[in-house]
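Participant: File name structure-v2.csv; file contents CSV, C-alpha atoms; full text below.
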```csv
chain,number,residue,atom,x,y,z
A,1,MET,CA,151.7,-20.3,56.9
A,2,SER,CA,153.1,-18.5,59.9
A,3,PRO,CA,151.2,-16.5,62.5
A,4,ALA,CA,152.0,-12.8,62.9
A,5,VAL,CA,153.6,-11.8,66.1
A,6,ALA,CA,151.3,-9.4,67.9
A,7,THR,CA,152.7,-6.9,70.4
A,8,ILE,CA,150.5,-6.8,73.5
A,9,THR,CA,150.6,-3.6,75.5
A,10,VAL,CA,149.7,-4.3,79.2
A,11,GLY,CA,147.7,-1.4,80.6
A,12,PRO,CA,146.1,-0.8,84.0
A,13,HIS,CA,143.7,-3.3,85.4
A,14,PRO,CA,140.2,-2.6,84.2
A,15,SER,CA,138.9,-2.9,87.8
A,16,PHE,CA,136.3,-5.3,89.2
A,17,ILE,CA,132.6,-4.4,89.3
A,18,GLN,CA,130.4,-5.9,92.0
A,19,VAL,CA,126.7,-5.4,91.5
A,20,ALA,CA,124.5,-5.3,94.6
A,21,LYS,CA,122.0,-8.1,94.9
A,22,PRO,CA,118.7,-7.0,96.6
A,23,TYR,CA,117.4,-10.6,96.4
A,24,VAL,CA,119.2,-13.9,96.8
A,25,PHE,CA,117.8,-17.4,96.0
A,26,GLN,CA,118.0,-20.4,98.3
A,27,GLN,CA,120.4,-22.1,96.0
A,28,GLN,CA,122.7,-19.1,96.1
A,29,LEU,CA,122.5,-19.0,99.9
A,30,GLN,CA,123.5,-22.6,100.2
A,31,GLY,CA,126.3,-22.2,97.6
A,32,GLN,CA,127.8,-19.3,99.5
A,33,LEU,CA,127.7,-21.0,102.8
A,34,VAL,CA,129.4,-24.1,101.4
A,35,SER,CA,132.0,-22.1,99.6
A,36,ILE,CA,133.2,-20.4,102.8
A,37,GLY,CA,133.2,-23.7,104.7
A,38,VAL,CA,130.5,-22.9,107.2
A,39,ASN,CA,129.3,-25.7,109.6
A,40,LEU,CA,125.5,-25.7,109.2
A,41,THR,CA,124.9,-26.6,112.9
A,42,ARG,CA,127.0,-23.6,114.0
A,43,GLU,CA,125.5,-21.4,111.3
A,44,ASP,CA,122.0,-21.7,112.8
A,45,HIS,CA,123.3,-21.1,116.3
A,46,PHE,CA,125.3,-18.0,115.5
A,47,ARG,CA,122.5,-16.6,113.2
A,48,LEU,CA,119.9,-16.9,115.9
A,49,GLN,CA,122.1,-15.5,118.6
A,50,GLY,CA,123.1,-12.5,116.5
A,51,VAL,CA,119.5,-11.6,115.6
A,52,GLN,CA,118.5,-11.9,119.3
A,53,TRP,CA,121.4,-9.7,120.3
A,54,ILE,CA,120.3,-7.0,117.8
A,55,ASN,CA,116.7,-7.2,118.9
A,56,ASP,CA,117.5,-6.9,122.6
A,57,THR,CA,119.9,-4.1,122.1
A,58,ARG,CA,117.7,-2.0,119.8
A,59,THR,CA,114.8,-2.5,122.3
A,60,ALA,CA,117.1,-1.2,125.1
A,61,LEU,CA,118.0,1.8,122.9
A,62,GLN,CA,114.4,2.3,121.9
A,63,LEU,CA,115.1,2.1,118.2
A,64,PRO,CA,112.3,1.6,115.7
A,65,VAL,CA,111.6,-1.7,114.0
A,66,ARG,CA,112.9,-0.4,110.7
A,67,THR,CA,116.4,-0.1,112.2
A,68,PHE,CA,116.1,-3.7,113.4
A,69,SER,CA,115.0,-4.9,109.9
A,70,THR,CA,117.9,-3.1,108.2
A,71,ALA,CA,120.5,-4.3,110.8
A,72,VAL,CA,119.4,-8.0,110.5
A,73,SER,CA,119.6,-7.8,106.7
A,74,TYR,CA,123.1,-6.5,106.8
A,75,TYR,CA,124.0,-9.1,109.4
A,76,HIS,CA,122.8,-11.9,107.2
A,77,LYS,CA,124.7,-10.6,104.1
A,78,PHE,CA,127.9,-10.2,106.2
A,79,ARG,CA,127.7,-13.8,107.3
A,80,LEU,CA,127.4,-15.1,103.7
A,81,VAL,CA,130.8,-13.7,103.0
A,82,HIS,CA,132.8,-14.2,106.1
A,83,LYS,CA,133.3,-17.5,108.0
A,84,ASP,CA,132.0,-17.8,111.6
A,85,ASN,CA,135.4,-18.4,113.2
A,86,GLU,CA,136.8,-15.2,111.8
A,87,TYR,CA,134.9,-12.9,114.2
A,88,GLN,CA,132.7,-12.8,117.3
A,89,PHE,CA,129.0,-12.7,116.5
A,90,GLN,CA,128.5,-9.9,119.0
A,91,ASP,CA,131.0,-7.7,117.1
A,92,ALA,CA,129.3,-8.4,113.8
A,93,ALA,CA,125.8,-7.8,115.3
A,94,ALA,CA,127.0,-4.5,116.8
A,95,ALA,CA,128.5,-3.4,113.5
A,96,ALA,CA,125.3,-4.3,111.7
A,97,LEU,CA,123.3,-2.2,114.2
A,98,LEU,CA,125.7,0.7,113.9
A,99,THR,CA,125.4,0.7,110.1
A,100,ALA,CA,121.6,0.5,110.3
A,101,CYS,CA,121.5,3.4,112.7
A,102,LYS,CA,123.3,5.6,110.2
A,103,ILE,CA,121.2,4.4,107.2
A,104,GLU,CA,117.9,4.9,109.0
A,105,ASP,CA,119.0,8.2,110.6
A,106,THR,CA,118.6,6.9,114.1
A,107,LEU,CA,122.1,7.8,115.0
A,108,LYS,CA,123.8,6.0,117.8
A,109,LYS,CA,127.5,5.8,118.6
A,110,SER,CA,129.3,2.4,118.7
A,111,ARG,CA,130.0,3.0,122.4
A,112,GLU,CA,126.3,3.6,123.2
A,113,ILE,CA,125.4,0.3,121.4
A,114,LEU,CA,128.1,-1.7,123.3
A,115,CYS,CA,127.1,0.0,126.6
A,116,ALA,CA,123.4,-0.9,126.1
A,117,ALA,CA,124.3,-4.5,125.4
A,118,TYR,CA,126.6,-4.7,128.4
A,119,ASN,CA,124.0,-3.2,130.8
A,120,LEU,CA,121.5,-5.8,129.7
A,121,LYS,CA,123.7,-8.5,131.2
A,122,VAL,CA,124.3,-6.9,134.6
A,123,SER,CA,122.3,-5.6,137.5
A,124,ALA,CA,121.3,-1.9,137.7
A,125,SER,CA,124.0,-1.3,140.3
A,126,GLU,CA,126.7,-2.4,137.9
A,127,HIS,CA,125.6,-0.3,134.9
A,128,LEU,CA,128.3,1.6,133.1
A,129,SER,CA,128.2,4.8,131.0
A,130,SER,CA,129.1,4.9,127.3
A,131,ASP,CA,132.3,6.9,128.2
A,132,ASP,CA,133.8,4.1,130.2
A,133,ALA,CA,137.2,2.9,129.1
A,134,THR,CA,135.9,-0.7,129.0
A,135,PHE,CA,134.4,0.0,125.6
A,136,GLU,CA,137.5,1.5,124.0
A,137,GLY,CA,138.8,-1.7,122.4
A,138,PRO,CA,135.5,-3.2,121.3
A,139,SER,CA,134.4,0.1,119.8
A,140,LYS,CA,137.4,0.1,117.5
A,141,ALA,CA,136.7,-3.5,116.4
A,142,VAL,CA,133.1,-2.6,115.7
A,143,ILE,CA,134.1,0.4,113.6
A,144,GLY,CA,136.5,-1.8,111.7
A,145,LEU,CA,133.8,-4.3,110.9
A,146,GLU,CA,131.5,-1.6,109.7
A,147,ARG,CA,133.5,-1.2,106.5
A,148,LEU,CA,133.4,-4.9,105.8
A,149,MET,CA,129.6,-4.8,106.5
A,150,LEU,CA,129.2,-2.3,103.7
A,151,GLU,CA,131.4,-4.2,101.3
A,152,ALA,CA,129.4,-7.4,102.0
A,153,SER,CA,126.2,-5.7,101.1
A,154,GLY,CA,127.7,-4.1,98.0
A,155,PHE,CA,127.1,-0.6,99.4
A,156,ASP,CA,123.4,-1.0,98.8
A,157,PHE,CA,121.6,1.3,101.1
A,158,ARG,CA,118.1,0.4,99.8
A,159,ALA,CA,116.2,-1.0,102.7
A,160,ARG,CA,112.8,-2.7,102.7
A,161,TYR,CA,110.2,-2.3,105.4
A,162,PRO,CA,107.7,-5.2,105.2
A,163,GLN,CA,105.9,-3.9,108.3
A,164,LYS,CA,104.2,-1.2,106.2
A,165,HIS,CA,102.9,-3.8,103.7
A,166,LEU,CA,101.8,-6.0,106.6
A,167,ILE,CA,99.6,-3.2,108.1
A,168,LYS,CA,98.2,-2.3,104.7
A,169,LEU,CA,97.3,-5.9,103.8
A,170,ALA,CA,95.8,-6.5,107.3
A,171,LYS,CA,93.5,-3.4,106.7
A,172,GLU,CA,92.5,-4.6,103.2
A,173,ALA,CA,91.8,-8.1,104.4
A,174,GLY,CA,89.9,-6.9,107.4
A,175,VAL,CA,91.4,-9.2,110.1
A,176,ASP,CA,91.0,-8.6,113.8
A,177,LYS,CA,93.4,-6.7,115.9
A,178,ASP,CA,94.7,-9.8,117.8
A,179,VAL,CA,95.4,-11.5,114.5
A,180,SER,CA,97.3,-8.4,113.3
A,181,GLN,CA,99.4,-8.4,116.5
A,182,VAL,CA,100.3,-12.1,116.1
A,183,SER,CA,101.2,-11.5,112.4
A,184,TYR,CA,103.5,-8.6,113.5
A,185,SER,CA,105.3,-10.9,115.9
A,186,VAL,CA,105.6,-13.5,113.1
A,187,MET,CA,107.2,-10.8,110.9
A,188,VAL,CA,109.8,-10.2,113.6
A,189,ASP,CA,110.5,-13.9,113.9
A,190,LEU,CA,110.8,-14.2,110.1
A,191,TYR,CA,113.9,-12.1,110.3
A,192,ARG,CA,115.6,-14.9,112.2
A,193,THR,CA,115.6,-16.8,108.9
A,194,PHE,CA,117.0,-16.0,105.5
A,195,ALA,CA,113.5,-15.1,104.2
A,196,PRO,CA,114.1,-11.3,104.1
A,197,LEU,CA,116.9,-11.9,101.6
A,198,LYS,CA,114.8,-14.1,99.4
A,199,GLN,CA,111.3,-12.6,99.4
A,200,SER,CA,109.6,-9.3,98.7
A,201,CYS,CA,107.7,-7.3,101.3
A,202,ALA,CA,104.3,-8.3,99.9
A,203,THR,CA,105.2,-12.0,100.0
A,204,MET,CA,106.3,-11.8,103.7
A,205,ALA,CA,103.1,-9.9,104.6
A,206,PHE,CA,100.8,-12.6,103.1
A,207,ALA,CA,102.8,-15.3,104.8
A,208,CYS,CA,102.7,-13.7,108.2
A,209,ILE,CA,98.9,-12.9,108.1
A,210,GLU,CA,98.1,-16.4,106.9
A,211,LEU,CA,100.2,-18.0,109.6
A,212,ALA,CA,98.6,-15.7,112.2
A,213,THR,CA,95.1,-16.9,111.1
A,214,LEU,CA,96.2,-20.5,111.4
A,215,ILE,CA,97.7,-19.9,114.9
A,216,CYS,CA,94.6,-18.0,116.1
A,217,GLU,CA,92.4,-20.5,114.3
A,218,LYS,CA,90.0,-17.9,112.9
A,219,GLN,CA,89.4,-15.6,109.9
A,220,GLN,CA,91.3,-17.9,107.5
A,221,GLU,CA,88.8,-16.9,104.8
A,222,LYS,CA,89.9,-13.3,105.0
A,223,ILE,CA,93.3,-14.2,103.4
A,224,ARG,CA,92.4,-17.5,101.6
A,225,SER,CA,89.1,-17.0,99.6
A,226,SER,CA,87.8,-15.5,96.5
A,227,ARG,CA,87.2,-12.2,98.3
A,228,ALA,CA,90.6,-12.1,99.8
A,229,PRO,CA,93.4,-9.8,98.4
A,230,LYS,CA,94.8,-11.1,95.2
A,231,TYR,CA,98.4,-12.2,94.8
A,232,LYS,CA,98.6,-10.7,91.3
A,233,LYS,CA,97.7,-7.2,92.7
A,234,TRP,CA,100.5,-7.5,95.2
A,235,PHE,CA,103.0,-9.0,92.6
A,236,THR,CA,103.5,-12.3,94.4
A,237,THR,CA,102.6,-16.0,93.9
A,238,ARG,CA,101.3,-18.8,96.0
A,239,ALA,CA,104.6,-20.7,95.7
A,240,GLU,CA,106.6,-17.8,97.2
A,241,VAL,CA,104.1,-17.4,100.0
A,242,LEU,CA,104.3,-21.1,100.8
A,243,GLU,CA,108.1,-21.1,100.8
A,244,THR,CA,108.1,-18.2,103.3
A,245,MET,CA,105.6,-19.9,105.6
A,246,MET,CA,107.6,-23.1,105.5
A,247,ASP,CA,110.7,-21.1,106.5
A,248,ALA,CA,108.9,-19.7,109.5
A,249,LEU,CA,107.5,-23.1,110.5
A,250,ASP,CA,111.0,-24.6,110.3
A,251,LEU,CA,112.1,-22.0,112.8
A,252,TYR,CA,109.1,-22.8,115.1
A,253,THR,CA,109.6,-26.5,115.0
A,254,HIS,CA,113.4,-26.7,115.2
A,255,PHE,CA,114.2,-23.6,117.3
A,256,GLN,CA,111.0,-23.0,119.2
A,257,LYS,CA,112.6,-21.3,122.2
A,258,SER,CA,114.5,-18.9,120.0
A,259,SER,CA,111.4,-17.2,118.7
A,260,ILE,CA,108.6,-14.9,120.0
A,261,VAL,CA,105.5,-16.8,118.8
A,262,GLY,CA,107.1,-20.3,119.1
A,263,THR,CA,107.2,-20.1,122.9
A,264,THR,CA,103.5,-19.3,123.2
A,265,MET,CA,102.2,-22.4,121.3
A,266,ALA,CA,102.7,-26.1,121.5
A,267,ILE,CA,105.1,-27.7,119.0
A,268,GLU,CA,102.4,-30.2,117.9
A,269,LYS,CA,100.4,-27.3,116.5
A,270,PHE,CA,103.2,-26.1,114.3
A,271,ILE,CA,103.9,-29.7,113.1
A,272,SER,CA,100.2,-30.1,112.1
A,273,MET,CA,100.4,-26.8,110.2
A,274,ARG,CA,103.5,-28.0,108.3
A,275,ILE,CA,101.7,-31.3,107.4
A,276,LYS,CA,98.8,-29.4,105.9
A,277,LEU,CA,101.1,-27.1,103.9
A,278,ASN,CA,103.2,-30.1,102.6
A,279,GLN,CA,100.0,-31.7,101.4
A,280,GLU,CA,99.0,-28.6,99.6
A,281,MET,CA,102.4,-28.4,97.9
A,282,GLU,CA,102.2,-32.0,96.9
A,283,GLU,CA,98.7,-31.6,95.4
A,284,LYS,CA,99.8,-28.6,93.4
A,285,SER,CA,103.2,-30.1,92.5
A,286,MET,CA,105.1,-27.2,94.0
A,287,ALA,CA,108.8,-27.4,95.1
A,288,ARG,CA,110.0,-26.5,98.6
A,289,TYR,CA,112.0,-23.6,97.2
A,290,THR,CA,111.0,-21.5,94.2
A,291,GLN,CA,113.5,-20.9,91.4
A,292,TYR,CA,115.6,-23.9,92.6
A,293,HIS,CA,117.5,-25.8,89.8
A,294,GLU,CA,119.5,-28.9,90.2
A,295,PRO,CA,123.0,-28.5,89.0
A,296,SER,CA,124.2,-30.5,86.0
A,297,LYS,CA,125.9,-33.8,86.7
A,298,THR,CA,128.9,-35.3,84.9
A,299,ASN,CA,129.5,-39.0,85.5
A,300,SER,CA,127.4,-38.8,88.7
A,301,ILE,CA,129.6,-35.9,89.9
A,302,ARG,CA,128.4,-32.4,90.3
A,303,SER,CA,130.9,-30.2,88.7
A,304,ASN,CA,129.7,-26.8,89.7
A,305,ILE,CA,129.4,-27.3,93.4
A,306,LYS,CA,131.9,-25.1,95.3
A,307,THR,CA,133.7,-26.9,98.1
A,308,PRO,CA,135.6,-25.3,100.9
A,309,LYS,CA,139.2,-24.8,100.3
A,310,THR,CA,141.6,-26.5,102.7
A,311,PRO,CA,143.4,-24.0,104.8
A,312,ILE,CA,147.1,-23.5,104.1
A,313,THR,CA,149.5,-24.9,106.8
A,314,PRO,CA,153.3,-24.9,107.1
A,315,ALA,CA,153.3,-28.4,105.8
A,316,SER,CA,151.7,-27.4,102.5
A,317,PRO,CA,153.8,-27.3,99.3
A,318,SER,CA,155.8,-24.2,98.9
A,319,ASP,CA,154.2,-23.3,95.5
A,320,THR,CA,150.8,-22.9,97.2
A,321,ARG,CA,152.1,-20.6,99.9
A,322,LEU,CA,153.1,-17.0,99.7
A,323,ASN,CA,155.2,-16.0,102.8
A,324,GLY,CA,153.3,-18.6,104.7
A,325,ARG,CA,149.9,-17.3,103.7
A,326,ASP,CA,147.4,-17.9,101.0
A,327,GLY,CA,145.2,-14.9,100.1
A,328,ALA,CA,142.4,-17.0,98.8
A,329,SER,CA,142.2,-19.4,101.8
A,330,PRO,CA,139.2,-18.8,104.1
A,331,ALA,CA,141.4,-19.4,107.1
A,332,THR,CA,143.7,-16.4,106.3
A,333,LEU,CA,141.1,-14.0,104.9
A,334,SER,CA,139.6,-12.7,108.2
A,335,PRO,CA,137.8,-9.4,108.7
A,336,ARG,CA,140.6,-8.1,110.9
A,337,SER,CA,143.5,-9.0,108.7
A,338,SER,CA,141.9,-8.6,105.3
A,339,GLY,CA,142.6,-4.9,105.1
A,340,SER,CA,146.3,-5.2,105.6
A,341,GLY,CA,148.8,-5.5,102.8
A,342,LYS,CA,147.8,-6.7,99.3
A,343,ARG,CA,144.4,-8.3,99.2
A,344,GLY,CA,142.5,-10.6,96.9
A,345,ILE,CA,138.9,-10.5,98.0
A,346,GLY,CA,137.3,-13.9,97.7
A,347,ALA,CA,137.0,-15.2,94.1
A,348,ARG,CA,137.9,-11.9,92.7
A,349,GLY,CA,141.6,-12.1,93.6
A,350,GLN,CA,142.4,-9.1,91.5
A,351,GLU,CA,144.9,-6.3,92.2
A,352,GLY,CA,142.6,-3.7,90.5
A,353,THR,CA,140.1,-1.4,92.0
A,354,ILE,CA,136.8,-2.8,93.2
A,355,ARG,CA,133.8,-0.7,92.2
A,356,PHE,CA,130.3,-1.2,93.6
A,357,MET,CA,127.3,-0.5,91.4
A,358,LEU,CA,123.5,-0.8,91.8
A,359,ASP,CA,122.4,-1.0,88.2
A,360,ALA,CA,123.2,-4.4,86.7
A,361,GLU,CA,122.5,-3.3,83.1
A,362,GLN,CA,124.9,-0.4,83.4
A,363,ALA,CA,127.6,-2.6,84.8
A,364,LYS,CA,127.1,-5.0,81.9
A,365,GLN,CA,127.4,-2.2,79.3
A,366,GLU,CA,130.5,-0.9,81.0
A,367,LYS,CA,132.2,-4.3,81.0
A,368,GLU,CA,131.5,-4.7,77.3
A,369,THR,CA,132.9,-1.3,76.5
A,370,VAL,CA,136.1,-1.9,78.5
A,371,ALA,CA,136.5,-5.4,77.0
A,372,GLU,CA,137.0,-3.9,73.6
A,373,TYR,CA,140.3,-2.2,74.7
A,374,TYR,CA,141.6,-5.4,76.2
A,375,LYS,CA,140.8,-7.7,73.3
A,376,VAL,CA,143.9,-9.4,71.8
A,377,GLU,CA,143.5,-10.0,68.1
A,378,TYR,CA,145.7,-12.1,65.8
A,379,GLU,CA,146.0,-12.1,62.0
A,380,GLU,CA,147.2,-15.0,59.9
A,381,TYR,CA,148.6,-14.7,56.3
A,382,GLU,CA,150.5,-16.9,53.9
A,383,VAL,CA,154.0,-16.1,52.5
A,384,GLU,CA,155.5,-18.0,49.5
A,385,VAL,CA,159.3,-18.4,49.9
A,386,GLU,CA,161.5,-20.3,47.3
A,387,GLU,CA,164.1,-22.5,49.0
A,388,PRO,CA,166.8,-24.6,47.2
A,389,VAL,CA,166.5,-28.3,47.6
A,390,LYS,CA,169.5,-29.8,49.2
A,391,PRO,CA,170.6,-33.5,48.5
A,392,HIS,CA,170.4,-36.1,51.1
A,393,LYS,CA,173.5,-37.2,53.0
A,394,HIS,CA,173.4,-40.8,51.7
A,395,GLU,CA,173.3,-39.8,48.0
A,396,THR,CA,176.6,-39.4,46.1
A,397,PRO,CA,176.9,-37.0,43.1
A,398,ARG,CA,176.8,-38.6,39.7
A,399,ASN,CA,180.1,-37.2,38.4
A,400,SER,CA,182.1,-38.4,41.3
A,401,HIS,CA,180.8,-41.9,40.8
A,402,GLU,CA,181.8,-42.0,37.2
A,403,ASP,CA,185.3,-40.9,38.1
A,404,ASN,CA,185.7,-43.7,40.5
A,405,ARG,CA,184.8,-46.3,37.9
A,406,PHE,CA,187.4,-44.8,35.4
A,407,ILE,CA,190.1,-45.0,38.0
A,408,SER,CA,189.3,-48.6,38.8
A,409,LYS,CA,189.6,-49.6,35.1
A,410,ARG,CA,193.0,-48.0,34.7
A,411,SER,CA,194.3,-49.7,37.6
A,412,ARG,CA,193.4,-53.1,36.2
A,413,ARG,CA,195.3,-52.4,33.0
```
Could you render the structure from this file as structure tokens?

Facilitator:
Amino acid sequence: MSPAVATITVGPHPSFIQVAKPYVFQQQLQGQLVSIGVNLTREDHFRLQGVQWINDTRTALQLPVRTFSTAVSYYHKFRLVHKDNEYQFQDAAAAALLTACKIEDTLKKSREILCAAYNLKVSASEHLSSDDATFEGPSKAVIGLERLMLEASGFDFRARYPQKHLIKLAKEAGVDKDVSQVSYSVMVDLYRTFAPLKQSCATMAFACIELATLICEKQQEKIRSSRAPKYKKWFTTRAEVLETMMDALDLYTHFQKSSIVGTTMAIEKFISMRIKLNQEMEEKSMARYTQYHEPSKTNSIRSNIKTPKTPITPASPSDTRLNGRDGASPATLSPRSSGSGKRGIGARGQEGTIRFMLDAEQAKQEKETVAEYYKVEYEEYEVEVEEPVKPHKHETPRNSHEDNRFISKRSRR
């Protein structure tokens, strides 16, 4: 039985399809941060500073809150792909705000954004105009990061505006004006966390109004009673609302000065609120994060946890280096150098075209259709062949042995 030799025709690369992800779970967030080797302490620092930069600049430019929401969402998605030491957080925040201005049709040039941010730091006598040559270099860097900002989001221009749901829910619940104002500020603070990437607009609205009632210490029955708006009607659950509230309370307890509402209240009040929510979660046997699954363990070792790759150095073995660089190493894949030469983007590492799609089902069907043309099939069949049996080397032919005996007898005579 011998296998048939199949001729494999190598065609063009089928391309790589990246599907946009409108929602990301907490487990995915932690996995992506670990895979790019982010320091968690620095991650919180740069995240809060970047969101504060976007909020201050959009306020100076008098941009609506929907532009702020879109810009922060793009900023978070960008930081899940690129490491903190590969760029300045000011450049990334400016690129996110520039992208959001184009998506929300509140057009601002990159020079105008950088000029507004610069004028916030200096006195009125030192203000510059957007045409100043000082912003020439930073403007080019921001425009270069804009393309990477779109790639990190999968070219997904679908933006969510939870402020609309917040106002509708506040009217339906019938809360007072001061409670509504506090809940609006909580919504802005919530964008300093990763909650906008994980939760829907209705979930964030419920969490902000309930936190506002706890902060103001009144009208809690408007949002938590039998007559309150139902979670089922708004397509959310109590577990998701609690997770969002805990994310906001983590911000108020650990980074109180980096928020709007946190600076107006004592930290003891937020700690007592966290204790009550933790007790409720324990009574109802709810986890801290929804849809969180522990990875499988093999011999007490987690096999599917991504670990940051060690950057390539000149002392590394030659077989792991390509002209002194490694395309898959986080240290060499930086936003400014990733567009030059051949590029393997993250785990994809393919030379084919990268295509971005929004419909996951369509992408799955296309992959299955293309896979049929790249399938290598083998056929096995049996062939009977008659071969002569050769004698072994140590055996002597029978006739030759008899002749030797005859010669020996004659010699004796």

Participant: Quick one: everything within 10 Å of Thr134 in chain A, counting all atoms listed in the file, minus sequence neighbours fewer than 5 positions away in the same chain. Send it as a list of chain:residue names.

Facilitator: A:Arg111, A:Leu114, A:Cys115, A:Leu128, A:Ser129, A:Ser139

Participant: Distance CA of Tyr252 in chain A-CA of Trp53 in chain A, one decimal place?

Facilitator: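 Computing the Euclidean distance for CA of Tyr252 in chain A and CA of Trp53 in chain A yields 18.7 Å.
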
Participant: Calculated over all atoms listed in the file, which of the candidates A:Phe255, A:Leu107, A:Ser15, A:Ile54 has the smallest distance to Thr41 in chain A?

Facilitator: A:Phe255

Participant: Check the smallest atom-to-atom distance from each of A:Lys276, A:Lys164, A:Lys21, A:Lys269 to Asp359 in chain A using all atoms listed in the file, then report the winner.

Facilitator: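 With all atoms listed in the file as the atom set, the closest residue is A:Lys21.
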
Participant: Would you compute the distance between CA of Gln26 in chain A and CA of Ala266 in chain A? Give it in Å to one decimal.

Facilitator: 28.4 Å

Participant: Could you check how far CA of Leu249 in chain A sits from CA of Thr263 in chain A, in Å to one decimal?

Facilitator: 12.8 Å

Participant: Residues within 10 Å of (109.7, -23.3, 93.6), file coordinates, counting all atoms listed in the file: what are they? Give the list as a PyMOL selection string.

Facilitator: chain A and resi 26+238-240+242-243+281+285-293

Participant: Could you give me, as a list in words, the residues within 10 Å of Glu112 in chain A, counting all atoms listed in the file and dropping anything in the same chain fewer than 2 positions from it?

Facilitator: Leu61, Leu98, Lys108, Lys109, Ser110, Leu114, Cys115, Ala116, Ala117, Tyr118, Ser129, Ser130, Asp131, Phe135 and Ser139 of chain A

Participant: With all atoms listed in the file as the atoms that count, which of A:His76, A:Arg58, A:Lys140, A:Lys102 lies nearest to Arg192 in chain A?

Facilitator: A:His76

Participant: May I ask which of the residues A:Gln279, A:Gln30, A:Thr353, A:Gln219 is the closest one to Ile17 in chain A, counting only C-alpha atoms?

Facilitator: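 The closest residue to Ile17 in chain A is A:Thr353.
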
Participant: Taking (91.2, -6.2, 106.2) as a centre in this file's frame and 12 Å as the limit, can you find every polymer residue with an atom that close, using all atoms listed in the file, and give them as a PDB file with C-alpha atoms, in the frame of the given file?

Facilitator:
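File produced: out_4.pdb:
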```pdb
ATOM      1  CA  LEU A 166     101.800  -6.000 106.600  1.00  0.00           C
ATOM      2  CA  ILE A 167      99.600  -3.200 108.100  1.00  0.00           C
ATOM      3  CA  LYS A 168      98.200  -2.300 104.700  1.00  0.00           C
ATOM      4  CA  LEU A 169      97.300  -5.900 103.800  1.00  0.00           C
ATOM      5  CA  ALA A 170      95.800  -6.500 107.300  1.00  0.00           C
ATOM      6  CA  LYS A 171      93.500  -3.400 106.700  1.00  0.00           C
ATOM      7  CA  GLU A 172      92.500  -4.600 103.200  1.00  0.00           C
ATOM      8  CA  ALA A 173      91.800  -8.100 104.400  1.00  0.00           C
ATOM      9  CA  GLY A 174      89.900  -6.900 107.400  1.00  0.00           C
ATOM     10  CA  VAL A 175      91.400  -9.200 110.100  1.00  0.00           C
ATOM     11  CA  ASP A 176      91.000  -8.600 113.800  1.00  0.00           C
ATOM     12  CA  LYS A 177      93.400  -6.700 115.900  1.00  0.00           C
ATOM     13  CA  VAL A 179      95.400 -11.500 114.500  1.00  0.00           C
ATOM     14  CA  SER A 180      97.300  -8.400 113.300  1.00  0.00           C
ATOM     15  CA  PHE A 206     100.800 -12.600 103.100  1.00  0.00           C
ATOM     16  CA  ILE A 209      98.900 -12.900 108.100  1.00  0.00           C
ATOM     17  CA  GLN A 219      89.400 -15.600 109.900  1.00  0.00           C
ATOM     18  CA  GLN A 220      91.300 -17.900 107.500  1.00  0.00           C
ATOM     19  CA  GLU A 221      88.800 -16.900 104.800  1.00  0.00           C
ATOM     20  CA  LYS A 222      89.900 -13.300 105.000  1.00  0.00           C
ATOM     21  CA  ILE A 223      93.300 -14.200 103.400  1.00  0.00           C
ATOM     22  CA  ARG A 227      87.200 -12.200  98.300  1.00  0.00           C
ATOM     23  CA  ALA A 228      90.600 -12.100  99.800  1.00  0.00           C
ATOM     24  CA  PRO A 229      93.400  -9.800  98.400  1.00  0.00           C
TER      25      PRO A 229
END
```
